[in-house]
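*Asks:* File protein-v9.csv follows (CSV, C-alpha atoms):
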chain,number,residue,atom,x,y,z
Q,1,MET,CA,-10.1,-43.8,-5.1
Q,2,LYS,CA,-8.8,-40.3,-4.3
Q,3,VAL,CA,-10.7,-37.2,-3.1
Q,4,ILE,CA,-10.4,-35.7,-6.6
Q,5,ASP,CA,-12.3,-38.8,-8.0
Q,6,LEU,CA,-15.2,-38.2,-5.5
Q,7,PHE,CA,-15.5,-34.6,-6.7
Q,8,SER,CA,-15.3,-35.7,-10.4
Q,9,ASP,CA,-17.9,-38.4,-10.0
Q,10,GLN,CA,-20.4,-36.1,-8.3
Q,11,LYS,CA,-19.8,-33.4,-10.9
Q,12,LEU,CA,-20.7,-35.8,-13.7
Q,13,PHE,CA,-23.9,-36.8,-11.9
Q,14,SER,CA,-24.8,-33.2,-11.2
Q,15,ASP,CA,-24.4,-32.4,-14.9
Q,16,MET,CA,-26.8,-35.2,-15.7
Q,17,LEU,CA,-29.3,-33.7,-13.2
Q,18,GLY,CA,-28.9,-30.2,-14.8
Q,19,ILE,CA,-27.3,-28.7,-11.7
Q,20,PRO,CA,-25.6,-25.5,-12.9
Q,21,ASP,CA,-21.8,-25.1,-13.1
Q,22,SER,CA,-20.3,-22.8,-10.4
Q,23,LEU,CA,-19.1,-20.5,-13.2
Q,24,THR,CA,-22.4,-20.1,-15.0
Q,25,ILE,CA,-24.7,-19.3,-12.1
Q,26,THR,CA,-25.5,-16.0,-10.2
Q,27,ASP,CA,-25.0,-15.7,-6.5
Q,28,ALA,CA,-28.7,-15.6,-5.9
Q,29,GLU,CA,-29.2,-18.8,-7.9
Q,30,ARG,CA,-26.3,-20.5,-6.1
Q,31,ASP,CA,-27.9,-19.6,-2.7
Q,32,GLU,CA,-31.2,-21.2,-3.8
Q,33,MET,CA,-29.5,-24.3,-5.1
Q,34,THR,CA,-27.5,-24.6,-1.9
Q,35,LYS,CA,-30.8,-24.6,0.1
Q,36,THR,CA,-32.2,-27.3,-2.2
Q,37,LEU,CA,-29.1,-29.5,-1.9
Q,38,ALA,CA,-28.9,-28.9,1.9
Q,39,LEU,CA,-32.5,-30.0,2.4
Q,40,ALA,CA,-31.8,-33.2,0.3
Q,41,LEU,CA,-28.7,-33.8,2.5
Q,42,HIS,CA,-30.9,-33.4,5.6
Q,43,THR,CA,-33.3,-36.0,4.3
Q,44,GLU,CA,-30.4,-38.4,3.7
Q,45,VAL,CA,-29.2,-37.8,7.3
Q,46,SER,CA,-32.7,-38.7,8.5
Q,47,ASN,CA,-32.7,-41.8,6.5
Q,48,LEU,CA,-29.3,-42.8,8.0
Q,49,VAL,CA,-30.6,-42.3,11.5
Q,50,SER,CA,-33.7,-44.4,10.7
Q,51,ALA,CA,-31.4,-47.4,10.1
Q,52,THR,CA,-30.5,-47.4,13.8
Q,53,SER,CA,-32.6,-48.2,16.9
Q,54,TYR,CA,-32.7,-44.6,18.1
Q,55,ARG,CA,-36.3,-44.7,19.2
Q,56,ALA,CA,-35.6,-45.6,22.8
Q,57,HIS,CA,-39.0,-44.1,23.9
Q,58,THR,CA,-41.0,-46.6,21.8
Q,59,ALA,CA,-41.7,-50.3,22.4
Q,60,GLU,CA,-40.9,-51.1,18.8
Q,61,LYS,CA,-37.4,-52.3,18.4
Q,62,VAL,CA,-35.6,-51.7,15.1
Q,63,LYS,CA,-32.7,-53.9,14.1
Q,64,PRO,CA,-29.8,-51.7,13.0
Q,65,ASP,CA,-29.1,-51.9,9.3
Q,66,SER,CA,-25.4,-51.4,8.7
Q,67,SER,CA,-25.8,-51.7,4.9
Q,68,LYS,CA,-28.3,-48.9,4.9
Q,69,ILE,CA,-26.1,-46.8,7.2
Q,70,LEU,CA,-23.2,-47.3,4.7
Q,71,PHE,CA,-25.1,-46.3,1.6
Q,72,GLU,CA,-27.0,-43.4,3.3
Q,73,SER,CA,-23.6,-42.1,4.4
Q,74,VAL,CA,-22.5,-42.2,0.8
Q,75,ASP,CA,-25.5,-40.1,-0.2
Q,76,VAL,CA,-24.8,-37.6,2.6
Q,77,LEU,CA,-21.2,-37.2,1.4
Q,78,ARG,CA,-22.3,-36.9,-2.2
Q,79,TYR,CA,-24.7,-34.0,-1.4
Q,80,ALA,CA,-22.0,-32.3,0.6
Q,81,ILE,CA,-19.6,-32.6,-2.4
Q,82,ALA,CA,-22.3,-31.3,-4.7
Q,83,ILE,CA,-22.6,-28.2,-2.6
Q,84,MET,CA,-18.8,-27.7,-2.6
Q,85,ASN,CA,-18.8,-28.2,-6.4
Q,86,LEU,CA,-21.6,-25.6,-6.7
Q,87,TRP,CA,-19.3,-23.1,-4.9
Q,88,GLY,CA,-16.3,-23.9,-6.9
Q,89,LEU,CA,-14.4,-25.5,-4.1
Q,90,LYS,CA,-11.7,-27.9,-5.2
Q,91,PRO,CA,-10.7,-31.3,-3.9
Q,92,ALA,CA,-7.5,-29.7,-2.5
Q,93,ASP,CA,-9.6,-27.2,-0.6
Q,94,PHE,CA,-11.5,-30.0,1.0
Q,95,GLN,CA,-8.4,-32.0,1.8
Q,96,ASP,CA,-6.8,-28.9,3.4
Q,97,ALA,CA,-9.9,-28.1,5.4
Q,98,TRP,CA,-10.1,-31.7,6.6
Q,99,GLU,CA,-6.5,-31.7,7.8
Q,100,LEU,CA,-7.0,-28.3,9.5
Q,101,LYS,CA,-10.2,-29.4,11.2
Q,102,ASP,CA,-8.7,-32.7,12.3
Q,103,ARG,CA,-5.7,-30.9,13.8
Q,104,TYR,CA,-8.0,-28.4,15.6
Q,105,LEU,CA,-10.1,-31.2,17.0
Q,106,ARG,CA,-7.1,-33.0,18.4
Q,107,ILE,CA,-5.4,-30.0,19.9
Q,108,SER,CA,-8.6,-28.4,21.3
Q,109,ARG,CA,-9.6,-31.8,22.8
Q,110,ALA,CA,-6.2,-32.0,24.5
Q,111,ALA,CA,-6.6,-28.4,25.7
Q,112,GLU,CA,-10.0,-29.3,27.3
Q,113,ALA,CA,-8.1,-31.9,29.4
Q,114,ASN,CA,-5.9,-29.1,30.8
Q,115,ILE,CA,-8.2,-28.2,33.6
Q,116,TRP,CA,-7.2,-25.3,35.7
Q,117,GLN,CA,-6.3,-26.4,39.2
Q,118,GLY,CA,-5.8,-23.1,40.9
Q,119,GLU,CA,-2.3,-22.3,39.5
Q,120,LYS,CA,-1.2,-18.8,38.9
Q,121,VAL,CA,-2.3,-17.7,35.4
Q,122,VAL,CA,-0.5,-15.8,32.7
Q,123,ILE,CA,-2.7,-14.2,30.0
Q,124,VAL,CA,-0.7,-14.2,26.8
Q,125,ASP,CA,-1.5,-12.4,23.6
Q,126,ILE,CA,-0.5,-14.0,20.3
Q,127,ASP,CA,0.0,-11.4,17.5
Q,128,ASP,CA,3.3,-9.4,17.9
Q,129,VAL,CA,3.9,-11.2,21.2
Q,130,LEU,CA,4.4,-14.8,20.1
Q,131,CYS,CA,4.3,-14.2,16.3
Q,132,GLU,CA,5.4,-11.4,14.0
Q,133,PHE,CA,2.0,-10.5,12.6
Q,134,ARG,CA,2.7,-6.9,11.7
Q,135,TYR,CA,5.8,-7.5,9.7
Q,136,ASP,CA,4.4,-10.6,7.9
Q,137,PHE,CA,1.2,-8.8,7.2
Q,138,ALA,CA,3.1,-5.9,5.7
Q,139,GLN,CA,5.1,-8.3,3.5
Q,140,TRP,CA,1.9,-10.0,2.4
Q,141,LEU,CA,0.4,-6.6,1.5
Q,142,PHE,CA,3.4,-5.9,-0.8
Q,143,GLU,CA,3.2,-9.3,-2.4
Q,144,THR,CA,-0.5,-9.3,-2.9
Q,145,TYR,CA,-1.3,-5.6,-3.6
Q,146,GLY,CA,2.0,-4.0,-4.2
Q,147,ILE,CA,1.4,-1.8,-1.1
Q,148,ASN,CA,4.5,-0.6,0.8
Q,149,ALA,CA,3.2,-0.5,4.3
Q,150,ASP,CA,5.4,1.3,6.9
Q,151,VAL,CA,6.0,-1.1,9.7
Q,152,GLU,CA,7.3,1.9,11.8
Q,153,SER,CA,3.9,3.5,11.5
Q,154,ALA,CA,1.9,4.3,14.6
Q,155,GLU,CA,-1.1,2.7,12.9
Q,156,TYR,CA,-1.4,-1.0,13.7
Q,157,TYR,CA,-3.3,-2.1,10.5
Q,158,PHE,CA,-1.7,0.5,8.1
Q,159,ILE,CA,-5.1,2.1,7.5
Q,160,ASN,CA,-3.9,5.1,5.7
Q,161,ASP,CA,-1.6,3.1,3.5
Q,162,LEU,CA,-4.6,0.9,2.5
Q,163,LYS,CA,-6.9,3.9,1.9
Q,164,SER,CA,-4.3,5.6,-0.2
Q,165,ALA,CA,-4.1,2.4,-2.4
Q,166,GLY,CA,-8.0,2.4,-2.6
Q,167,VAL,CA,-8.3,-0.9,-0.8
Q,168,ASN,CA,-10.9,-1.7,1.9
Q,169,PRO,CA,-9.0,-2.5,5.2
Q,170,GLU,CA,-11.6,-4.9,6.4
Q,171,GLY,CA,-11.7,-6.8,3.1
Q,172,VAL,CA,-7.9,-7.0,3.0
Q,173,PHE,CA,-7.8,-8.5,6.5
Q,174,GLU,CA,-10.4,-11.1,5.5
Q,175,LYS,CA,-8.4,-12.0,2.4
Q,176,PHE,CA,-5.3,-12.4,4.5
Q,177,ILE,CA,-7.2,-14.9,6.6
Q,178,GLU,CA,-8.6,-16.8,3.6
Q,179,ASP,CA,-5.0,-16.9,2.1
Q,180,GLY,CA,-4.0,-18.8,5.3
Q,181,GLY,CA,-1.9,-15.9,6.5
Q,182,PHE,CA,-2.2,-16.9,10.2
Q,183,ARG,CA,-0.8,-20.3,9.4
Q,184,LYS,CA,2.3,-19.0,7.6
Q,185,ILE,CA,3.2,-16.3,10.1
Q,186,SER,CA,6.7,-16.3,11.6
Q,187,GLU,CA,7.5,-16.8,15.3
Q,188,VAL,CA,8.9,-14.1,17.6
Q,189,THR,CA,12.4,-15.0,18.7
Q,190,GLY,CA,12.2,-16.7,22.1
Q,191,ALA,CA,8.4,-17.5,22.0
Q,192,VAL,CA,8.8,-21.2,22.5
Q,193,GLU,CA,11.4,-20.8,25.2
Q,194,LEU,CA,9.2,-18.3,27.0
Q,195,THR,CA,6.2,-20.5,27.1
Q,196,GLN,CA,8.2,-23.5,28.1
Q,197,LYS,CA,9.8,-21.6,30.9
Q,198,LEU,CA,6.4,-20.4,32.1
Q,199,LYS,CA,5.2,-24.0,32.1
Q,200,ASP,CA,8.4,-25.2,33.9
Q,201,ASP,CA,7.8,-22.5,36.6
Q,202,GLY,CA,4.3,-23.8,37.2
Q,203,TYR,CA,2.2,-21.2,35.5
Q,204,TYR,CA,-1.1,-21.9,33.7
Q,205,ILE,CA,-0.9,-20.3,30.2
Q,206,HIS,CA,-4.1,-19.0,28.8
Q,207,LEU,CA,-3.7,-17.5,25.3
Q,208,LEU,CA,-6.1,-14.7,24.7
Q,209,THR,CA,-6.3,-13.2,21.2
Q,210,ALA,CA,-8.5,-10.5,19.6
Q,211,ARG,CA,-8.4,-12.4,16.3
Q,212,PRO,CA,-12.0,-13.0,15.0
Q,213,GLY,CA,-13.1,-16.2,16.7
Q,214,ASN,CA,-16.2,-16.4,14.4
Q,215,ASN,CA,-14.0,-17.0,11.4
Q,216,LEU,CA,-13.4,-20.8,11.3
Q,217,ARG,CA,-10.3,-20.6,9.1
Q,218,CYS,CA,-8.8,-18.1,11.5
Q,219,VAL,CA,-9.5,-20.4,14.5
Q,220,TYR,CA,-8.2,-23.6,12.8
Q,221,ASP,CA,-5.1,-21.8,11.4
Q,222,THR,CA,-4.3,-20.4,14.9
Q,223,TYR,CA,-4.4,-23.8,16.5
Q,224,THR,CA,-2.3,-25.2,13.6
Q,225,TRP,CA,0.3,-22.5,13.9
Q,226,LEU,CA,0.6,-23.0,17.7
Q,227,GLU,CA,1.2,-26.8,17.3
Q,228,SER,CA,3.5,-26.4,14.3
Q,229,ASN,CA,5.7,-23.9,16.2
Q,230,GLY,CA,5.8,-25.8,19.5
Q,231,ILE,CA,4.1,-23.1,21.5
Q,232,LYS,CA,3.2,-24.3,25.0
Q,233,PHE,CA,-0.2,-23.4,26.3
Q,234,ASP,CA,-3.1,-24.7,28.4
Q,235,LYS,CA,-6.1,-22.9,26.9
Q,236,LEU,CA,-6.9,-20.6,24.0
Q,237,SER,CA,-9.7,-18.1,23.8
Q,238,PHE,CA,-10.8,-15.4,21.3
Q,239,ALA,CA,-12.1,-12.1,22.6
Q,240,SER,CA,-11.9,-8.5,21.4
Q,241,GLU,CA,-12.6,-7.1,24.9
Q,242,LYS,CA,-9.9,-8.8,26.9
Q,243,LEU,CA,-10.3,-7.2,30.3
Q,244,ARG,CA,-14.1,-8.0,30.2
Q,245,TRP,CA,-13.2,-11.6,29.4
Q,246,CYS,CA,-10.7,-11.7,32.3
Q,247,MET,CA,-13.2,-10.2,34.7
Q,248,GLN,CA,-15.8,-12.9,33.8
Q,249,SER,CA,-13.3,-15.7,34.3
Q,250,GLU,CA,-12.8,-17.9,37.4
Q,251,TYR,CA,-9.2,-16.6,37.4
Q,252,TRP,CA,-10.4,-13.1,38.3
Q,253,ILE,CA,-12.8,-14.2,41.0
Q,254,LYS,CA,-10.0,-16.1,42.7
Q,255,ASN,CA,-7.4,-13.4,42.1
Q,256,SER,CA,-5.1,-15.8,40.3
Q,257,ILE,CA,-3.9,-13.7,37.3
Q,258,ALA,CA,-0.2,-13.3,37.9
Q,259,PHE,CA,0.4,-11.0,34.9
Q,260,ALA,CA,-0.4,-10.5,31.2
Q,261,ILE,CA,1.7,-10.1,28.1
Q,262,ASP,CA,0.1,-7.9,25.4
Q,263,ASP,CA,1.2,-5.4,22.8
Q,264,SER,CA,-2.1,-3.5,22.5
Q,265,PRO,CA,-2.2,0.1,23.9
Q,266,LYS,CA,-5.9,-0.4,24.8
Q,267,HIS,CA,-5.6,-3.8,26.5
Q,268,ALA,CA,-2.3,-2.9,28.3
Q,269,ALA,CA,-3.9,0.3,29.7
Q,270,GLU,CA,-7.0,-1.5,30.8
Q,271,TYR,CA,-5.1,-4.4,32.4
Q,272,ALA,CA,-2.9,-2.0,34.3
Q,273,LYS,CA,-5.7,0.3,35.4
Q,274,HIS,CA,-7.5,-2.7,37.0
Q,275,GLY,CA,-4.5,-4.1,38.8
Q,276,ILE,CA,-3.1,-6.6,36.3
Q,277,LYS,CA,0.6,-6.3,35.7
Q,278,VAL,CA,1.3,-6.4,32.0
Q,279,PHE,CA,4.5,-6.8,30.0
Q,280,LEU,CA,4.4,-4.6,26.9
Q,281,PRO,CA,6.7,-5.1,23.9
Q,282,ARG,CA,8.1,-1.8,22.7
Q,283,LYS,CA,6.3,-1.1,19.3
Q,284,PRO,CA,5.8,2.1,17.2
Q,285,TYR,CA,2.1,1.9,17.7
Q,286,ASN,CA,2.0,1.7,21.5
Q,287,LYS,CA,4.4,4.5,22.4
Q,288,GLU,CA,1.6,6.6,23.8
Q,289,VAL,CA,0.9,4.1,26.6
Q,290,GLN,CA,1.6,5.8,29.9
Q,291,LEU,CA,4.1,3.6,31.8
Q,292,CYS,CA,3.4,2.9,35.4
Q,293,GLU,CA,4.2,0.3,38.0
Q,294,ASN,CA,1.8,-2.2,36.3
Q,295,ILE,CA,3.2,-1.8,32.8
Q,296,LEU,CA,6.6,-3.2,32.2
Q,297,PRO,CA,8.0,-2.5,28.7
Q,298,TYR,CA,10.4,-5.0,27.1
Q,299,THR,CA,12.4,-5.3,23.8
Q,300,SER,CA,13.0,-9.0,24.0
Q,301,LEU,CA,11.1,-11.9,25.4
Q,302,LYS,CA,14.2,-13.0,27.2
Q,303,GLU,CA,13.7,-9.9,29.5
Q,304,ILE,CA,10.4,-11.4,30.8
Before we go any further, please render this structure as structure tokens.

*Replies:*
Amino acid sequence: MKVIDLFSDQKLFSDMLGIPDSLTITDAERDEMTKTLALALHTEVSNLVSATSYRAHTAEKVKPDSSKILFESVDVLRYAIAIMNLWGLKPADFQDAWELKDRYLRISRAAEANIWQGEKVVIVDIDDVLCEFRYDFAQWLFETYGINADVESAEYYFINDLKSAGVNPEGVFEKFIEDGGFRKISEVTGAVELTQKLKDDGYYIHLLTARPGNNLRCVYDTYTWLESNGIKFDKLSFASEKLRWCMQSEYWIKNSIAFAIDDSPKHAAEYAKHGIKVFLPRKPYNKEVQLCENILPYTSLKEI
């Protein structure tokens, strides 16, 4: 039996129960039906737990029922598939999500074991430092919307180009994420070699990105990209206010941040102002950054 068979079987049963098709239901009706199915799923989870001897606080001992656990697990899965069918999600979507989540769990678990032991720390950005976000995003804009975004523009997200095309910038970025854009992005030349050299020299690498950490696809695709491209790192965090994140870290308290690598004018200026040396890639959108002894511009990662 394949994943597609599970979805087909559940769809047939849902049709028998009169559960509406994803194409013939309004958003409000879909929300209500999702609540109903989720409550039913919750009931099946409770039934599953009742098949175990989880009541340690009572004198009554329940013999675990493996058969009940098996069939209640089937019901839990069927309700979950019914919800996915309701939202028009396909077997391929589920399989892709499973693989992404599985990879994320493995990589993040391994990262948890990389406990900081007091080494000097390097705070490394991802977009336009380790990967070519801006160029690839511009290419995606052309392929998806026919928008010719100027990569030499001083605007990072090509806001004016998007407005001129009558496209909502925030909505476009969300679609880029949903299309798996962060998984397909190309690597900056020398990124693997840089992170390997930092590890060889004994640095603790903490990747710190302003990507939206509340978007699960963004998070899972980021971990997938890092593993697929062989980027070396010890920890990964998502934060829009990077200096604040650093100042709340144990690294800051123990004065262990050796330097940062970041392309953002805002983050580079804040790092430098508060005593953190930062390597800044030369980009059209960060030319206004005032160079000082704490800001070191570069054109190639080999220079670092």

*Asks:* What's the separation between atom CA of Ala268 of chain Q and atom CA of Lys199 of chain Q, in Å to one decimal place?

*Replies:*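 A separation of 22.7 Å between them.
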
*Asks:* Identify which of the residues Q:Ile69, Q:Ile257, Q:Ile231, Q:Ile276 lies closest to Gln196 of chain Q, counting all atoms listed in the file when measuring atom-to-atom distances.

*Replies:*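 Answer, going by the shortest atom-to-atom distance: Q:Ile231.
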
*Asks:* Nearest to Pro265 of chain Q among Q:Tyr223, Q:Phe238, Q:Tyr79, Q:Tyr156, with distances taken over all atoms listed in the file: which residue is it?

*Replies:* Q:Tyr156

*Asks:* Kindly indicate which residue among Q:Lys163, Q:Lys235, Q:Arg211, Q:Arg78 lies nearest to Asp127 of chain Q, using all atoms listed in the file for the distances.

*Replies:*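 The answer is Q:Arg211, which sits nearest to Asp127 of chain Q.
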
*Asks:* Between Q:Asn286, Q:Ile83, Q:Asp221, Q:Asp65, single out the one closest to Asp102 of chain Q, counting only C-alpha atoms.

*Replies:*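 Among the listed residues, Q:Asp221 lies closest to Asp102 of chain Q.
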
*Asks:* So how many Å separate atom CA of Val172 of chain Q and atom CA of Gly88 of chain Q, to one decimal?

*Replies:*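 Atom CA of Gly88 of chain Q lies 21.3 Å from atom CA of Val172 of chain Q.
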
*Asks:* Between Q:Met247, Q:Ala258, Q:Leu100, Q:Leu226, which has the minimum distance to Tyr203 of chain Q (counting only C-alpha atoms)?

*Replies:*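 Among the listed residues, Q:Ala258 lies closest to Tyr203 of chain Q.
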
*Asks:* Between Q:Lys120, Q:Ile253, Q:Leu291, Q:Leu243, which is the closest to His274 of chain Q once you count all atoms listed in the file?

*Replies:*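 Counting all atoms listed in the file, the residue closest to His274 of chain Q is Q:Leu243.
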
*Asks:* Excluding same-chain residues fewer than 5 positions from Asp21 of chain Q, what lies within 10 Å of it counting all atoms listed in the file, as a ChimeraX atom specification?

*Replies:* /Q:11,14-15,30,85-88

*Asks:* If you count all atoms listed in the file, which residues fall within 12 Å of Asn47 of chain Q, apart from same-chain ones fewer than 6 positions away, as a ChimeraX atom specification?

*Replies:* /Q:40-41,54,65,68-76

*Asks:* Atom CA of Phe182 of chain Q and atom CA of Asn229 of chain Q, how far apart in Å?

*Replies:*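 Answer for the atom CA of Asn229 of chain Q to atom CA of Phe182 of chain Q separation: 12.1 Å.
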
*Asks:* Counting all atoms listed in the file, write as number ranges by chain all protein and nucleic acid residues lying at most 12 Å from (1.5, -21.2, 39.3) in the file's frame.

*Replies:* Q: 116-122, 197-205, 251, 256-259
